[in-house]
>>> print(open('start_11.txt').read())   # compact mmCIF, C-alpha atoms
# COMPACT_ATOMS: atom_id res chain seq x y z
CA MET A 268 162.92 66.67 79.06
CA MET A 269 159.79 68.10 80.60
CA GLU A 270 157.75 65.93 82.98
CA GLY A 271 154.51 64.84 81.31
CA SER A 272 155.41 65.69 77.71
CA ARG A 273 154.23 63.27 75.01
CA PRO A 274 155.83 61.53 72.04
CA SER A 275 155.21 62.38 68.44
CA PHE A 276 152.61 60.04 66.92
CA GLY A 277 152.20 58.16 70.16
CA GLY A 278 150.91 58.04 73.68
CA GLY A 279 152.96 58.11 76.85
CA SER A 280 154.89 61.20 77.80
CA SER A 281 158.20 61.66 76.04
CA PRO A 282 159.07 63.17 72.68
CA PRO A 283 160.24 61.04 69.73
CA PHE A 284 163.80 59.71 69.64
CA GLY A 285 164.36 61.07 73.11
CA GLY A 286 164.25 64.63 71.79
CA PRO A 287 163.12 67.39 74.15
CA SER A 288 159.64 68.77 74.35
CA MET A 289 159.78 72.37 75.57
CA LEU A 290 157.63 74.98 77.18
CA ALA A 291 156.52 77.70 74.78
CA GLY A 292 159.13 80.43 74.49
CA GLN A 293 162.21 78.27 75.07
CA ASP A 294 164.89 77.93 72.39
CA ARG A 295 164.40 74.90 70.21
CA PRO A 296 167.22 72.33 70.09
CA PRO A 297 169.52 72.11 67.09
CA MET A 298 168.36 69.94 64.19
CA MET A 299 169.76 66.43 63.96
CA HIS A 300 172.53 65.78 61.43
CA GLY A 301 171.70 63.61 58.43
CA PRO A 302 168.22 62.75 57.17
CA PRO A 303 165.62 63.85 59.73
CA PRO A 304 163.67 61.00 61.36
CA MET A 305 160.40 62.38 59.98
CA ILE A 306 161.44 61.19 56.53
CA TYR A 307 160.30 57.76 57.71
CA VAL A 308 156.82 59.24 58.17
CA LEU A 309 156.63 61.60 55.19
CA LEU A 310 157.55 59.17 52.40
CA PRO A 311 155.11 56.36 53.36
CA THR A 312 152.40 58.93 54.06
CA LEU A 313 152.81 60.54 50.63
CA ALA A 314 152.94 57.11 48.99
CA LEU A 315 149.70 55.91 50.61
CA ALA A 316 147.70 59.15 50.47
CA PRO A 317 146.82 59.01 46.71
CA PHE A 318 145.55 55.42 47.07
CA GLY A 319 143.48 56.37 50.09
CA LEU A 320 141.97 59.50 48.54
CA PHE A 321 141.23 57.69 45.27
CA GLY A 322 139.55 54.79 47.05
CA ASN A 323 137.49 56.83 49.50
CA ILE A 324 136.23 59.20 46.80
CA ASN A 325 135.18 56.20 44.72
CA VAL A 326 133.28 54.73 47.68
CA ILE A 327 131.42 58.02 48.18
CA ILE A 328 130.53 58.32 44.49
CA ALA A 329 129.42 54.67 44.26
CA THR A 330 127.14 55.07 47.27
CA TYR A 331 125.58 58.16 45.71
CA ARG A 332 125.12 56.48 42.30
CA LYS A 333 123.89 53.03 43.33
CA LYS A 334 120.69 52.63 45.31
CA ASN A 335 121.57 49.06 46.30
CA LEU A 336 124.64 50.41 48.15
CA ARG A 337 122.56 52.79 50.28
CA SER A 338 121.57 50.27 52.96
CA LYS A 339 122.37 50.95 56.60
CA CYS A 340 125.66 49.14 56.21
CA GLY A 341 126.39 50.98 52.94
CA ILE A 342 125.67 54.40 54.44
CA LEU A 343 128.01 53.65 57.35
CA ILE A 344 130.74 52.58 54.93
CA CYS A 345 130.24 55.84 53.02
CA LEU A 346 130.47 57.86 56.25
CA LEU A 347 133.70 56.07 57.13
CA ALA A 348 135.08 56.95 53.68
CA ILE A 349 134.26 60.63 54.32
CA TYR A 350 135.88 60.57 57.76
CA ASP A 351 138.95 58.76 56.42
CA THR A 352 139.37 61.31 53.61
CA ILE A 353 139.50 64.12 56.17
CA CYS A 354 141.96 62.17 58.32
CA ILE A 355 144.28 61.54 55.36
CA THR A 356 144.53 65.26 54.60
CA PHE A 357 145.48 66.00 58.20
CA GLU A 358 148.05 63.18 58.29
CA VAL A 359 149.73 64.55 55.18
CA SER A 360 149.88 68.08 56.58
CA SER A 361 151.23 66.81 59.93
CA ALA A 362 153.92 64.78 58.15
CA PHE A 363 155.06 67.86 56.20
CA MET A 364 155.14 69.99 59.36
CA GLY A 365 157.31 67.40 61.11
CA PHE A 366 159.60 66.95 58.11
CA TYR A 367 160.26 70.70 57.85
CA ASN A 368 160.83 70.97 61.60
CA VAL A 369 157.83 73.22 62.23
CA TRP A 370 157.55 73.40 66.01
CA VAL A 371 154.21 74.48 67.46
CA ASP A 372 152.90 74.92 70.99
CA ARG A 373 150.06 72.76 72.26
CA GLN A 374 147.46 75.53 72.11
CA THR A 375 148.22 76.25 68.45
CA CYS A 376 148.15 72.54 67.67
CA PHE A 377 144.73 72.32 69.34
CA LYS A 378 143.34 75.00 67.03
CA VAL A 379 144.90 73.50 63.91
CA ILE A 380 143.81 69.87 64.17
CA ILE A 381 140.84 69.76 66.54
CA ILE A 382 138.73 68.60 63.57
CA TYR A 383 141.11 65.66 63.08
CA PHE A 384 140.79 64.82 66.78
CA TRP A 385 137.01 64.76 66.37
CA MET A 386 137.12 62.67 63.20
CA ARG A 387 139.20 59.95 64.85
CA ILE A 388 136.69 59.52 67.67
CA ILE A 389 133.59 59.82 65.46
CA SER A 390 134.97 57.34 62.90
CA SER A 391 135.71 54.86 65.69
CA SER A 392 132.15 55.33 66.91
CA ALA A 393 130.92 54.65 63.35
CA LEU A 394 132.90 51.40 63.34
CA VAL A 395 131.05 50.38 66.50
CA GLY A 396 127.76 51.22 64.75
CA LEU A 397 128.78 49.11 61.76
CA ALA A 398 129.66 46.18 64.02
CA LEU A 399 126.36 46.50 65.91
CA ASP A 400 124.47 46.60 62.61
CA ARG A 401 126.04 43.29 61.58
CA LEU A 402 125.37 41.77 65.01
CA VAL A 403 121.70 42.77 64.94
CA SER A 404 121.30 41.49 61.37
CA VAL A 405 122.37 37.95 62.31
CA THR A 406 120.71 37.93 65.75
CA PHE A 407 117.29 39.09 64.54
CA PRO A 408 117.26 38.26 60.81
CA LEU A 409 113.48 38.63 60.42
CA ARG A 410 113.09 41.84 62.41
CA TYR A 411 116.21 43.48 61.03
CA LYS A 412 115.34 46.48 58.87
CA SER A 413 118.01 47.57 56.44
CA ASP A 414 116.35 50.98 55.92
CA ASN A 415 116.24 52.17 59.54
CA PHE A 416 118.67 55.02 58.91
CA LEU A 417 117.73 57.24 61.86
CA MET A 418 118.56 54.66 64.53
CA MET A 419 121.77 53.79 62.71
CA LEU A 420 122.89 57.42 62.66
CA LEU A 421 122.04 57.92 66.33
CA VAL A 422 124.00 54.85 67.41
CA SER A 423 127.03 55.39 65.16
CA VAL A 424 127.51 59.16 65.22
CA LEU A 425 126.14 60.62 68.46
CA PRO A 426 128.38 58.74 70.95
CA GLY A 427 131.54 59.83 69.11
CA LEU A 428 130.25 63.38 68.73
CA PHE A 429 129.38 63.54 72.44
CA LEU A 430 132.83 62.30 73.52
CA SER A 431 134.56 64.72 71.14
CA ILE A 432 132.65 67.66 72.60
CA ILE A 433 133.40 66.57 76.18
CA PHE A 434 137.16 66.29 75.60
CA THR A 435 137.17 69.59 73.72
CA ILE A 436 135.41 71.35 76.61
CA PHE A 437 137.91 69.94 79.11
CA GLY A 438 140.75 71.08 76.83
CA ILE A 439 139.34 74.62 76.77
CA ILE A 440 138.76 74.68 80.55
CA HIS A 441 142.38 73.65 81.15
CA TRP A 442 143.70 75.76 78.28
CA ASP A 443 146.78 77.12 80.07
CA GLU A 444 148.07 73.79 81.38
CA GLU A 445 151.24 72.32 79.85
CA ASN A 446 151.55 74.61 76.85
CA TYR A 447 154.71 72.83 75.68
CA THR A 448 156.22 73.05 72.18
CA THR A 449 156.28 69.93 70.04
CA PRO A 450 157.95 69.09 66.68
CA VAL A 451 154.84 67.40 65.27
CA CYS A 452 151.22 68.50 65.56
CA VAL A 453 149.03 65.39 65.93
CA PRO A 454 145.82 64.59 67.86
CA ASN A 455 147.89 63.09 70.71
CA HIS A 456 149.45 66.50 71.39
CA ILE A 457 146.45 68.79 71.73
CA LEU A 458 145.34 68.24 75.35
CA PRO A 459 147.02 68.42 78.77
CA SER A 460 148.61 65.06 79.56
CA TRP A 461 146.04 63.82 82.07
CA ILE A 462 143.14 64.59 79.70
CA GLN A 463 145.06 63.16 76.75
CA GLU A 464 145.61 59.88 78.58
CA VAL A 465 141.87 59.55 79.24
CA ALA A 466 141.08 60.39 75.59
CA ASP A 467 143.61 57.86 74.25
CA PHE A 468 142.34 55.16 76.60
CA THR A 469 138.72 55.92 75.63
CA LEU A 470 139.63 55.56 71.95
CA LEU A 471 141.34 52.24 72.70
CA VAL A 472 138.23 50.96 74.52
CA ILE A 473 135.98 51.99 71.61
CA ASN A 474 138.17 50.19 69.09
CA SER A 475 138.44 47.11 71.32
CA SER A 476 134.64 46.96 71.48
CA VAL A 477 134.55 46.79 67.67
CA ILE A 478 136.53 43.53 67.76
CA VAL A 479 134.42 42.10 70.60
CA ILE A 480 131.14 42.89 68.80
CA TYR A 481 132.33 41.34 65.54
CA LEU A 482 133.45 38.18 67.34
CA ALA A 483 130.02 38.01 68.99
CA GLY A 484 128.44 38.40 65.55
CA TYR A 485 130.43 35.46 64.17
CA MET A 486 129.39 33.27 67.10
CA VAL A 487 125.70 34.20 66.76
CA LEU A 488 125.80 33.58 63.00
CA SER A 489 127.26 30.11 63.53
CA VAL A 490 124.57 29.25 66.08
CA GLN A 491 121.75 30.67 63.96
CA LYS A 492 122.80 28.72 60.86
CA ARG A 493 122.63 25.43 62.77
CA ARG A 494 119.38 26.45 64.42
CA PHE A 495 117.55 27.32 61.20
CA VAL A 496 119.14 24.76 58.89
CA LYS A 497 115.69 23.34 58.02
CA ASP A 498 114.04 26.73 57.54
CA SER A 499 114.90 27.60 53.93
CA HIS A 500 113.65 31.21 54.19
CA LEU A 501 115.63 32.08 57.32
CA HIS A 502 118.63 30.13 56.08
CA ALA A 503 118.65 32.18 52.86
CA ILE A 504 118.47 35.44 54.85
CA LEU A 505 121.34 34.35 57.09
CA LYS A 506 123.35 33.33 54.03
CA SER A 507 123.02 36.85 52.61
CA HIS A 508 124.19 38.32 55.92
CA GLN A 509 127.06 35.83 55.94
CA LYS A 510 128.35 37.33 52.70
CA ALA A 511 128.44 40.75 54.36
CA MET A 512 130.23 39.24 57.34
CA LYS A 513 132.91 37.82 55.03
CA SER A 514 133.67 41.32 53.77
CA MET A 515 133.78 42.52 57.36
CA THR A 516 136.24 39.73 58.19
CA VAL A 517 138.81 41.12 55.76
CA PHE A 518 138.02 44.67 56.89
CA LEU A 519 138.49 43.65 60.54
CA ALA A 520 141.79 41.88 59.80
CA VAL A 521 143.25 45.02 58.21
CA PHE A 522 141.74 47.10 61.04
CA CYS A 523 143.54 44.98 63.66
CA VAL A 524 147.00 45.15 62.05
CA SER A 525 146.78 48.86 61.24
CA TRP A 526 144.49 51.18 63.20
CA PHE A 527 143.96 49.04 66.31
CA TYR A 528 147.67 48.25 66.55
CA SER A 529 148.42 51.97 66.36
CA GLN A 530 145.98 52.73 69.17
CA VAL A 531 147.45 50.00 71.39
CA VAL A 532 151.00 51.26 70.90
CA MET A 533 150.03 54.90 71.50
CA SER A 534 148.15 54.04 74.68
CA LEU A 535 150.54 51.52 76.24
CA PHE A 536 154.10 52.60 75.39
CA SER A 537 155.75 53.87 78.53
CA PRO A 538 157.79 57.13 78.46
CA HIS A 539 161.14 55.70 79.57
CA ARG A 540 161.11 52.97 76.92
CA VAL A 541 160.52 55.52 74.17
CA SER A 542 163.15 57.89 75.54
CA ASN A 543 165.90 55.31 75.89
CA SER A 544 165.30 53.18 72.81
CA ARG A 545 165.70 54.26 69.22
CA PHE A 546 163.81 51.11 68.15
CA PHE A 547 160.66 52.10 70.04
CA ALA A 548 161.02 55.66 68.81
CA ILE A 549 161.12 54.44 65.19
CA MET A 550 158.03 52.33 65.86
CA LEU A 551 156.22 55.43 67.07
CA HIS A 552 157.26 57.32 63.95
CA LEU A 553 155.93 54.50 61.79
CA LEU A 554 152.53 54.46 63.48
CA PRO A 555 151.06 56.90 60.93
CA VAL A 556 151.76 54.27 58.27
CA GLY A 557 149.35 51.92 60.04
CA MET A 558 146.83 54.73 60.34
CA MET A 559 147.14 55.58 56.65
CA VAL A 560 146.55 51.92 55.73
CA SER A 561 143.42 51.96 57.89
CA TYR A 562 142.21 55.22 56.32
CA SER A 563 142.75 53.73 52.84
CA GLU A 564 141.47 50.17 53.18
CA CYS A 565 137.73 50.54 52.55
CA TYR A 566 137.74 50.70 48.74
CA TYR A 567 140.23 47.87 48.25
CA VAL A 568 138.61 45.53 50.78
CA TYR A 569 135.16 45.87 49.22
CA PHE A 570 136.53 45.76 45.66
CA TRP A 571 137.98 42.37 46.56
CA THR A 572 135.13 40.91 48.64
CA SER A 573 131.86 42.46 47.37
CA VAL A 574 130.38 41.81 43.92
CA ASP A 575 128.07 44.86 44.17
CA TYR A 576 130.85 47.26 45.13
CA ARG A 577 133.24 45.81 42.56
CA ALA A 578 130.67 46.31 39.78
CA ALA A 579 130.06 49.92 40.86
CA PHE A 580 133.79 50.65 41.11
CA LEU A 581 134.56 49.18 37.69
CA GLU A 582 131.85 51.33 36.10
CA GLN A 583 133.55 54.40 37.55
CA LEU A 584 136.98 53.61 36.10
CA PRO A 585 137.29 55.23 32.63
CA CYS A 586 139.91 52.71 31.50
CA VAL A 587 137.59 49.72 32.03
CA LYS A 588 134.16 51.34 31.68
CA LYS A 589 133.75 50.39 28.00
CA TRP A 590 134.93 46.84 28.64
CA TRP A 591 132.57 46.49 31.62
CA LYS A 592 129.55 47.73 29.63
CA GLY A 593 130.35 45.25 26.85
CA LYS A 594 130.53 42.45 29.38
CA MET A 595 127.15 43.40 30.83
CA VAL A 596 125.55 43.50 27.35
CA LYS A 597 126.79 39.97 26.62
CA THR A 598 125.18 38.70 29.83
CA ARG A 599 121.72 37.40 28.93
CA VAL A 600 119.00 37.52 31.54
CA VAL A 601 116.27 34.87 31.22
CA THR A 602 113.05 34.99 33.26
CA VAL A 603 112.30 31.58 34.79
CA ALA A 604 109.47 32.51 37.15
CA PRO A 605 107.60 35.60 38.34
CA HIS A 606 109.93 37.92 40.29
CA THR A 607 112.97 35.63 39.75
CA THR A 608 115.74 35.84 37.17
CA THR A 609 118.86 33.92 36.38
CA LYS A 610 122.02 34.97 34.55
CA LEU A 611 123.54 32.77 31.89
>>> encode(input="start_11.txt", output="structure tokens")
Amino acid sequence: MMEGSRPSFGGGSSPPFGGPSMLAGQDRPPMMHGPPPMIYVLLPTLALAPFGLFGNINVIIATYRKKNLRSKCGILICLLAIYDTICITFEVSSAFMGFYNVWVDRQTCFKVIIIYFWMRIISSSALVGLALDRLVSVTFPLRYKSDNFLMMLLVSVLPGLFLSIIFTIFGIIHWDEENYTTPVCVPNHILPSWIQEVADFTLLVINSSVIVIYLAGYMVLSVQKRRFVKDSHLHAILKSHQKAMKSMTVFLAVFCVSWFYSQVVMSLFSPHRVSNSRFFAIMLHLLPVGMMVSYSECYYVYFWTSVDYRAAFLEQLPCVKKWWKGKMVKTRVVTVAPHTTTKL
């Protein structure tokens, strides 16, 4: 095994299941007997991909169709759906390459999936922007502007874009270092090991900050509700933001057990543990399942937790569209005061 090589679908520096990672030009090892280990990646990936693509496309369409979903928070959710759709397509292609034993050198892998590498960092940056948006909304409820799109885009997109460009430049500068051959082409295989370790750790820090910011948001919301309990106007504003925070709670829970868990394992698994343990190697192979869950969660979380998103999604489903329209017609709206309505 080559010093400094990395595992498939993981951090550290050894290939999956203790298999060798080779310098370009060397003979590849014989294939394992029986079902290849990548079957554990391919089947769950193919099973989850249709759900993820269906959900993300619905989120994008709903955001385009419904003006009330085009707030700062809604635009960020739509951007995440776009990023996740791109990531799903790359995960599927990587799973097929690994299943069919398509070995590629690091330089080729860099060219093939550099866009995926960028999307992972930019989407993590967007998650930070989404968390900051929620924190600002509960910290400054009166000064918070839900239509300040430019600042939102700058905060959520530019940091990830900047980091992606920096790591790409370093990868090009050190192009000829460690051009090993690997059985699976994933974003953790495209850079020389010392640059890859920095990139993986940076991604872990970004995702950790998402959790910290959300926890800060919950604490501020709790304090603000007690502080403005007698101010009916501010209390009503905070209550509306609390509903959004509830959706984020479910989103964050899935995020922690899927994407964040994957990043922790990829960044912290040591090489010798992966090389000498089939259990750890299987865990590394199953990491894409957690990633696919994270890439697919948006639609289902907001269908469950948000009335506005659920209404938009139901209207887009042909099988329930007629039923939903009939339900809306039966709902009578009675005006009780200027600018206020109530549903019976």
>>> residues_around(input="start_11.txt", residues="region 513-515 of chain A", least_positions_apart="4", cutoff="9 Å", atoms="only C-alpha atoms", output="VMD selection string")
chain A and resid 398 401 481 508 to 509 519 to 520 568 to 569 571 to 573
>>> closest_residue(input="start_11.txt", among="A:Cys354, A:Ile480, A:Val405, A:Val532", to="Ile388 (chain A)", atoms="all atoms listed in the file")
A:Cys354
>>> closest_residue(input="start_11.txt", among="A:Val517, A:Ile473, A:Leu313, A:Val403", to="Gly427 (chain A)", atoms="all atoms listed in the file")
A:Ile473
>>> atom_distance(input="start_11.txt", atom1="CA of Tyr566 (chain A)", atom2="CA of Asn325 (chain A)")
7.3 Å
>>> closest_residue(input="start_11.txt", among="A:Pro555, A:Pro311, A:Pro585, A:Pro408", to="Pro454 (chain A)", atoms="all atoms listed in the file")
A:Pro555
>>> atom_distance(input="start_11.txt", atom1="CA of Thr356 (chain A)", atom2="CA of Gly557 (chain A)")
15.2 Å
>>> residues_around(input="start_11.txt", residues="region 441-445 of chain A", least_positions_apart="2", cutoff="8 Å", atoms="all atoms listed in the file", output="list in words")
Leu290, Arg373, Gln374, Phe437, Gly438, Ile439, Tyr447, Pro459 and Ser460 of chain A
>>> closest_residue(input="start_11.txt", among="A:Thr435, A:Gln583, A:Ser423, A:Asn323", to="Ser391 (chain A)", atoms="all atoms listed in the file")
A:Ser423
>>> closest_residue(input="start_11.txt", among="A:Tyr562, A:Tyr367, A:Tyr350, A:Trp526", to="Ile389 (chain A)", atoms="all atoms listed in the file")
A:Tyr350
>>> closest_residue(input="start_11.txt", among="A:Leu397, A:Val521, A:Ile432, A:Leu581", to="Val560 (chain A)", atoms="all atoms listed in the file")
A:Val521
>>> atom_distance(input="start_11.txt", atom1="CA of Ser561 (chain A)", atom2="CA of Phe429 (chain A)")
23.3 Å
>>> residues_near_point(input="start_11.txt", point="(138.6, 48.9, 75.5)", cutoff="12 Å", atoms="all atoms listed in the file", output="VMD selection string")
chain A and resid 391 395 465 to 480 527 530 to 531 534
